[in-house]
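Have a look at the structure below before the remarks.
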Amino acid sequence: MAESKTVHSPLVTYVSMLSLLTLCPPFVILLWYTMVHADGSILQTFDYLKQHRLQGFINIWPRPTATAWKIIACYAAFEAALQLLLPGRRVEGPISPVGNRPVYKANGMAAYFVTLATYLGLWWFGIFNPSIVYDHLGEIFSVLIFGSLVFCVFLYLKGHVAPSSTDSGSSGNFIIDFYWGMELYPRIGKNFDIKVFTNCRFGMMSWAVLAVTYCIKQYEANGRVADSMIVNTVLMLVYVTKFFWWEAGYWSTMDIAHDRAGYYICWGCLVWVPSVYTSPGMYLVNHPVNLGTQV
């Protein structure tokens, strides 16, 4: 990747990248605020910002807290341990543009079931209440936004200083390198694949964990789970279950075999997936809809 080549004109390319770099983080916070504190009303959020302007937005943005950091750290460490320690069959990815063939351990389905069983078990036996996650959700998203940006800086520096393979290189442009990524298959050590962790074990797994969290929170708040929440959660879990059942196939898709590890995909999986993809359940927690049966 010796030179910077873009599909679109430089103006369109840079405007697009800078827009996503600057607008996605505040969008996540505004979405959380709208779903949790503004009854899902975009107009209500807009009116608040119109009235209070910049100070209103600053007031909306939750401050990172020690509780949020601990929740994320425990979750990330648990998923990293499962990725490394659970057994799985050996899977070879597609041959890269420079002739490398990445090797993976396919234990995603096992990690998925262990994660959900552990999470539900901690709740059932009174060790950890998932409602705490919902109660600190804004702070968690705030931590993820800033923490993932720092992580992307780490990936950028690693690509320059200690790339994991020859499938790496700089375009010569900092913005492109940070946004698009420096490495195709970055790893820590020999076996810990960073993109498998960010995309699959953190991002996609959080989708399922948060879907369950919203169910539990609604149950504890109302004494029951609305049928709309059940439908939402079942549909999400079916999709995520299918993903982990097919995870080895995902490693041959564009996300893994073509997209480098940068802001575009890693920040997206670490922040966008748990916030935006789970937003229907986030809204339903305090706004249960009783669908009933069709007559």
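A note on labels: chains of the structure tokens are A, B, ... as shown, every chain counts residues from 1, and ligands are counted from 1 in their shown order.
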Counting only C-alpha atoms, what is within 12 Å of A:Met254, bar same-chain residues fewer than 3 positions away, as an NGL selection string?
:A and (93-94 or 96 or 184 or 249-251 or 257-261 or 265)
For A:Val103: contacts at 7 Å, only C-alpha atoms, fewer than 6 positions along chain excluded, given as number ranges by chain:
A: 90-93
Pull N, CA and C atoms from the residues just selected and write them as a PDB file, in the first residue's frame.
```
ATOM      1  N   ARG A  90      -9.429 -25.969  13.529  1.00  0.00           N
ATOM      2  CA  ARG A  90      -8.533 -25.089  12.786  1.00  0.00           C
ATOM      3  C   ARG A  90      -9.175 -24.697  11.457  1.00  0.00           C
ATOM      4  N   VAL A  91      -9.217 -23.393  11.188  1.00  0.00           N
ATOM      5  CA  VAL A  91      -9.810 -22.892   9.955  1.00  0.00           C
ATOM      6  C   VAL A  91      -8.806 -21.978   9.264  1.00  0.00           C
ATOM      7  N   GLU A  92      -8.636 -22.190   7.974  1.00  0.00           N
ATOM      8  CA  GLU A  92      -7.749 -21.329   7.193  1.00  0.00           C
ATOM      9  C   GLU A  92      -8.574 -20.307   6.413  1.00  0.00           C
ATOM     10  N   GLY A  93      -8.143 -19.062   6.484  1.00  0.00           N
ATOM     11  CA  GLY A  93      -8.811 -18.011   5.742  1.00  0.00           C
ATOM     12  C   GLY A  93      -8.343 -17.982   4.296  1.00  0.00           C
TER      13      GLY A  93
END
```
Residue among A:Val289, A:Met236, A:Ile188, A:Val225 lying closest to A:Met204, counting only C-alpha atoms:
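Looking at the shortest contact to A:Met204, the residue is A:Met236.
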Go through stretch 82-267 of chain A and collect every residue that DSSP, computed from the backbone, puts in helix (DSSP H, G or I); the answer should be as a ChimeraX atom specification.
/A:82-85,108-124,131-135,137-161,174-180,194-222,227-245,247-250,254-257,263-267
Requested write-out: C-alpha atoms of the selected residues, as a tab-separated table (two decimals), in the first residue's frame:
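Now in result_38.tsv:
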```
chain	number	residue	atom	x	y	z
A	82	LEU	CA	-12.78	-17.38	25.73
A	83	GLN	CA	-11.29	-16.58	22.35
A	84	LEU	CA	-7.89	-17.86	23.45
A	85	LEU	CA	-8.82	-20.77	25.72
A	108	GLY	CA	-17.24	-18.69	18.35
A	109	MET	CA	-20.36	-20.79	18.94
A	110	ALA	CA	-18.90	-22.16	22.16
A	111	ALA	CA	-17.96	-18.65	23.29
A	112	TYR	CA	-21.47	-17.45	22.47
A	113	PHE	CA	-23.19	-20.10	24.60
A	114	VAL	CA	-20.69	-19.77	27.45
A	115	THR	CA	-21.18	-15.99	27.44
A	116	LEU	CA	-24.97	-16.09	27.59
A	117	ALA	CA	-25.02	-18.96	30.11
A	118	THR	CA	-22.55	-17.13	32.35
A	119	TYR	CA	-24.41	-13.83	32.08
A	120	LEU	CA	-27.78	-15.39	32.88
A	121	GLY	CA	-26.21	-17.48	35.63
A	122	LEU	CA	-24.71	-14.43	37.32
A	123	TRP	CA	-28.15	-12.83	37.30
A	124	TRP	CA	-30.04	-15.94	38.40
A	131	SER	CA	-29.86	-3.94	35.10
A	132	ILE	CA	-26.70	-2.20	36.22
A	133	VAL	CA	-25.52	-2.29	32.61
A	134	TYR	CA	-28.67	-0.52	31.44
A	135	ASP	CA	-28.52	2.00	34.28
A	137	LEU	CA	-25.53	2.54	29.49
A	138	GLY	CA	-24.79	6.14	28.57
A	139	GLU	CA	-21.56	6.07	30.55
A	140	ILE	CA	-20.63	2.75	28.93
A	141	PHE	CA	-21.16	4.19	25.45
A	142	SER	CA	-19.10	7.23	26.41
A	143	VAL	CA	-16.25	5.00	27.58
A	144	LEU	CA	-16.51	2.91	24.42
A	145	ILE	CA	-16.37	6.00	22.22
A	146	PHE	CA	-13.20	7.38	23.77
A	147	GLY	CA	-11.60	4.04	24.58
A	148	SER	CA	-12.11	2.76	21.04
A	149	LEU	CA	-10.57	5.91	19.59
A	150	VAL	CA	-7.48	5.28	21.72
A	151	PHE	CA	-7.52	1.65	20.57
A	152	CYS	CA	-7.57	2.81	16.94
A	153	VAL	CA	-4.53	4.98	17.66
A	154	PHE	CA	-2.86	1.86	19.03
A	155	LEU	CA	-3.68	-0.01	15.82
A	156	TYR	CA	-2.26	2.85	13.76
A	157	LEU	CA	0.99	2.89	15.75
A	158	LYS	CA	1.24	-0.90	15.75
A	159	GLY	CA	0.88	-0.94	11.98
A	160	HIS	CA	3.85	1.39	11.71
A	161	VAL	CA	6.06	-0.10	14.39
A	174	PHE	CA	-2.47	9.86	8.19
A	175	ILE	CA	-6.24	10.30	7.81
A	176	ILE	CA	-6.57	7.37	5.41
A	177	ASP	CA	-4.29	5.17	7.51
A	178	PHE	CA	-6.20	5.91	10.71
A	179	TYR	CA	-9.62	5.55	9.09
A	180	TRP	CA	-8.95	2.57	6.83
A	194	ILE	CA	-7.59	-8.46	16.85
A	195	LYS	CA	-10.27	-8.28	14.16
A	196	VAL	CA	-11.89	-11.51	15.34
A	197	PHE	CA	-12.04	-9.94	18.79
A	198	THR	CA	-13.37	-6.53	17.78
A	199	ASN	CA	-15.80	-7.71	15.12
A	200	CYS	CA	-17.03	-11.00	16.55
A	201	ARG	CA	-16.28	-11.50	20.21
A	202	PHE	CA	-16.81	-7.92	21.38
A	203	GLY	CA	-19.12	-6.33	18.82
A	204	MET	CA	-21.46	-9.13	17.76
A	205	MET	CA	-21.42	-10.72	21.21
A	206	SER	CA	-22.44	-7.42	22.79
A	207	TRP	CA	-25.49	-7.36	20.52
A	208	ALA	CA	-26.77	-10.55	22.15
A	209	VAL	CA	-25.71	-9.57	25.67
A	210	LEU	CA	-27.46	-6.20	25.48
A	211	ALA	CA	-30.61	-7.73	23.98
A	212	VAL	CA	-30.82	-10.00	27.03
A	213	THR	CA	-29.97	-7.06	29.30
A	214	TYR	CA	-32.92	-5.04	28.03
A	215	CYS	CA	-35.27	-7.96	28.66
A	216	ILE	CA	-34.07	-8.36	32.23
A	217	LYS	CA	-34.29	-4.62	32.90
A	218	GLN	CA	-37.88	-4.48	31.66
A	219	TYR	CA	-38.79	-7.54	33.72
A	220	GLU	CA	-37.33	-6.03	36.89
A	221	ALA	CA	-38.99	-2.66	36.25
A	222	ASN	CA	-42.44	-3.94	35.30
A	227	ASP	CA	-44.42	-9.49	23.92
A	228	SER	CA	-42.86	-6.78	21.75
A	229	MET	CA	-39.62	-7.07	23.71
A	230	ILE	CA	-39.75	-10.86	23.38
A	231	VAL	CA	-40.16	-10.58	19.61
A	232	ASN	CA	-37.34	-8.04	19.39
A	233	THR	CA	-34.99	-10.15	21.50
A	234	VAL	CA	-35.78	-13.43	19.76
A	235	LEU	CA	-35.18	-11.90	16.33
A	236	MET	CA	-31.86	-10.43	17.46
A	237	LEU	CA	-30.72	-13.66	19.10
A	238	VAL	CA	-31.67	-15.70	16.03
A	239	TYR	CA	-29.52	-13.40	13.89
A	240	VAL	CA	-26.57	-13.42	16.27
A	241	THR	CA	-26.81	-17.19	16.79
A	242	LYS	CA	-26.71	-17.65	13.03
A	243	PHE	CA	-23.67	-15.39	12.87
A	244	PHE	CA	-21.66	-17.43	15.35
A	245	TRP	CA	-22.79	-20.71	13.79
A	247	GLU	CA	-18.46	-17.41	12.01
A	248	ALA	CA	-15.80	-19.37	10.11
A	249	GLY	CA	-17.49	-18.30	6.89
A	250	TYR	CA	-17.44	-14.67	8.04
A	254	MET	CA	-14.91	-8.48	2.91
A	255	ASP	CA	-14.87	-7.39	6.57
A	256	ILE	CA	-11.97	-9.70	7.38
A	257	ALA	CA	-10.30	-10.50	4.06
A	263	TYR	CA	-11.50	3.25	12.68
A	264	TYR	CA	-13.83	2.26	9.86
A	265	ILE	CA	-14.36	-1.30	11.00
A	266	CYS	CA	-12.91	-1.60	14.52
A	267	TRP	CA	-14.48	1.51	16.04
```
Write out as a compact mmCIF listing (two decimals) with all heavy atoms, in the first residue's frame the set of residues from stretch 163-201 of chain A that DSSP, computed on the backbone, places in strand (DSSP E or B).
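Wrote it out as result-v9.txt, contents follow:
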```
# COMPACT_ATOMS: atom_id res chain seq x y z
N SER A 168 0.34 -5.32 5.30
CA SER A 168 0.27 -4.06 6.03
C SER A 168 1.00 -3.00 5.23
O SER A 168 1.65 -3.29 4.23
CB SER A 168 0.91 -4.20 7.42
OG SER A 168 2.27 -4.54 7.30
N GLU A 183 -3.15 -2.53 9.00
CA GLU A 183 -2.91 -3.96 8.88
C GLU A 183 -4.19 -4.70 8.48
O GLU A 183 -5.29 -4.34 8.92
CB GLU A 183 -2.42 -4.54 10.20
CG GLU A 183 -1.07 -4.04 10.66
CD GLU A 183 -0.62 -4.78 11.89
OE1 GLU A 183 -0.14 -5.92 11.77
OE2 GLU A 183 -0.74 -4.20 12.99
N ARG A 187 -2.44 -9.00 14.90
CA ARG A 187 -2.54 -9.93 16.02
C ARG A 187 -1.67 -9.47 17.17
O ARG A 187 -0.68 -8.76 16.97
CB ARG A 187 -2.15 -11.34 15.58
CG ARG A 187 -3.09 -11.93 14.54
CD ARG A 187 -2.92 -13.42 14.34
NE ARG A 187 -3.97 -13.93 13.48
CZ ARG A 187 -4.22 -15.22 13.28
NH1 ARG A 187 -3.47 -16.13 13.89
NH2 ARG A 187 -5.21 -15.60 12.49
N ILE A 188 -2.05 -9.90 18.36
CA ILE A 188 -1.21 -9.73 19.54
C ILE A 188 -0.65 -11.11 19.86
O ILE A 188 -1.41 -12.03 20.18
CB ILE A 188 -2.01 -9.16 20.72
CG1 ILE A 188 -2.54 -7.76 20.38
CG2 ILE A 188 -1.14 -9.11 21.98
CD1 ILE A 188 -3.43 -7.17 21.44
N PHE A 192 -3.79 -14.33 19.10
CA PHE A 192 -4.92 -13.45 19.39
C PHE A 192 -5.17 -12.51 18.22
O PHE A 192 -4.48 -11.51 18.04
CB PHE A 192 -4.67 -12.65 20.67
CG PHE A 192 -5.89 -11.88 21.13
CD1 PHE A 192 -6.93 -12.55 21.74
CD2 PHE A 192 -5.98 -10.51 20.94
CE1 PHE A 192 -8.06 -11.86 22.17
CE2 PHE A 192 -7.10 -9.81 21.36
CZ PHE A 192 -8.14 -10.49 21.97
N ASP A 193 -6.16 -12.85 17.42
CA ASP A 193 -6.51 -12.06 16.25
C ASP A 193 -7.37 -10.87 16.66
O ASP A 193 -8.46 -11.04 17.23
CB ASP A 193 -7.26 -12.92 15.22
CG ASP A 193 -7.43 -12.22 13.90
OD1 ASP A 193 -8.31 -11.34 13.82
OD2 ASP A 193 -6.70 -12.54 12.95
```
At what distance in Å, to one decimal, does atom CA of A:Asp47 lie from atom CA of A:Leu30?
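Rounded to one decimal, the two atoms are 12.6 Å apart.
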Taking only C-alpha atoms into account, which of A:Phe78, A:Trp246, A:Trp61, A:Tyr185 comes nearest A:Thr34?
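With only C-alpha atoms as the atom set, the closest residue is A:Trp61.
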Grab the atom CA of A:Ala226 to atom CA of A:Pro288 distance for me, in Å with one decimal place.
5.8 Å
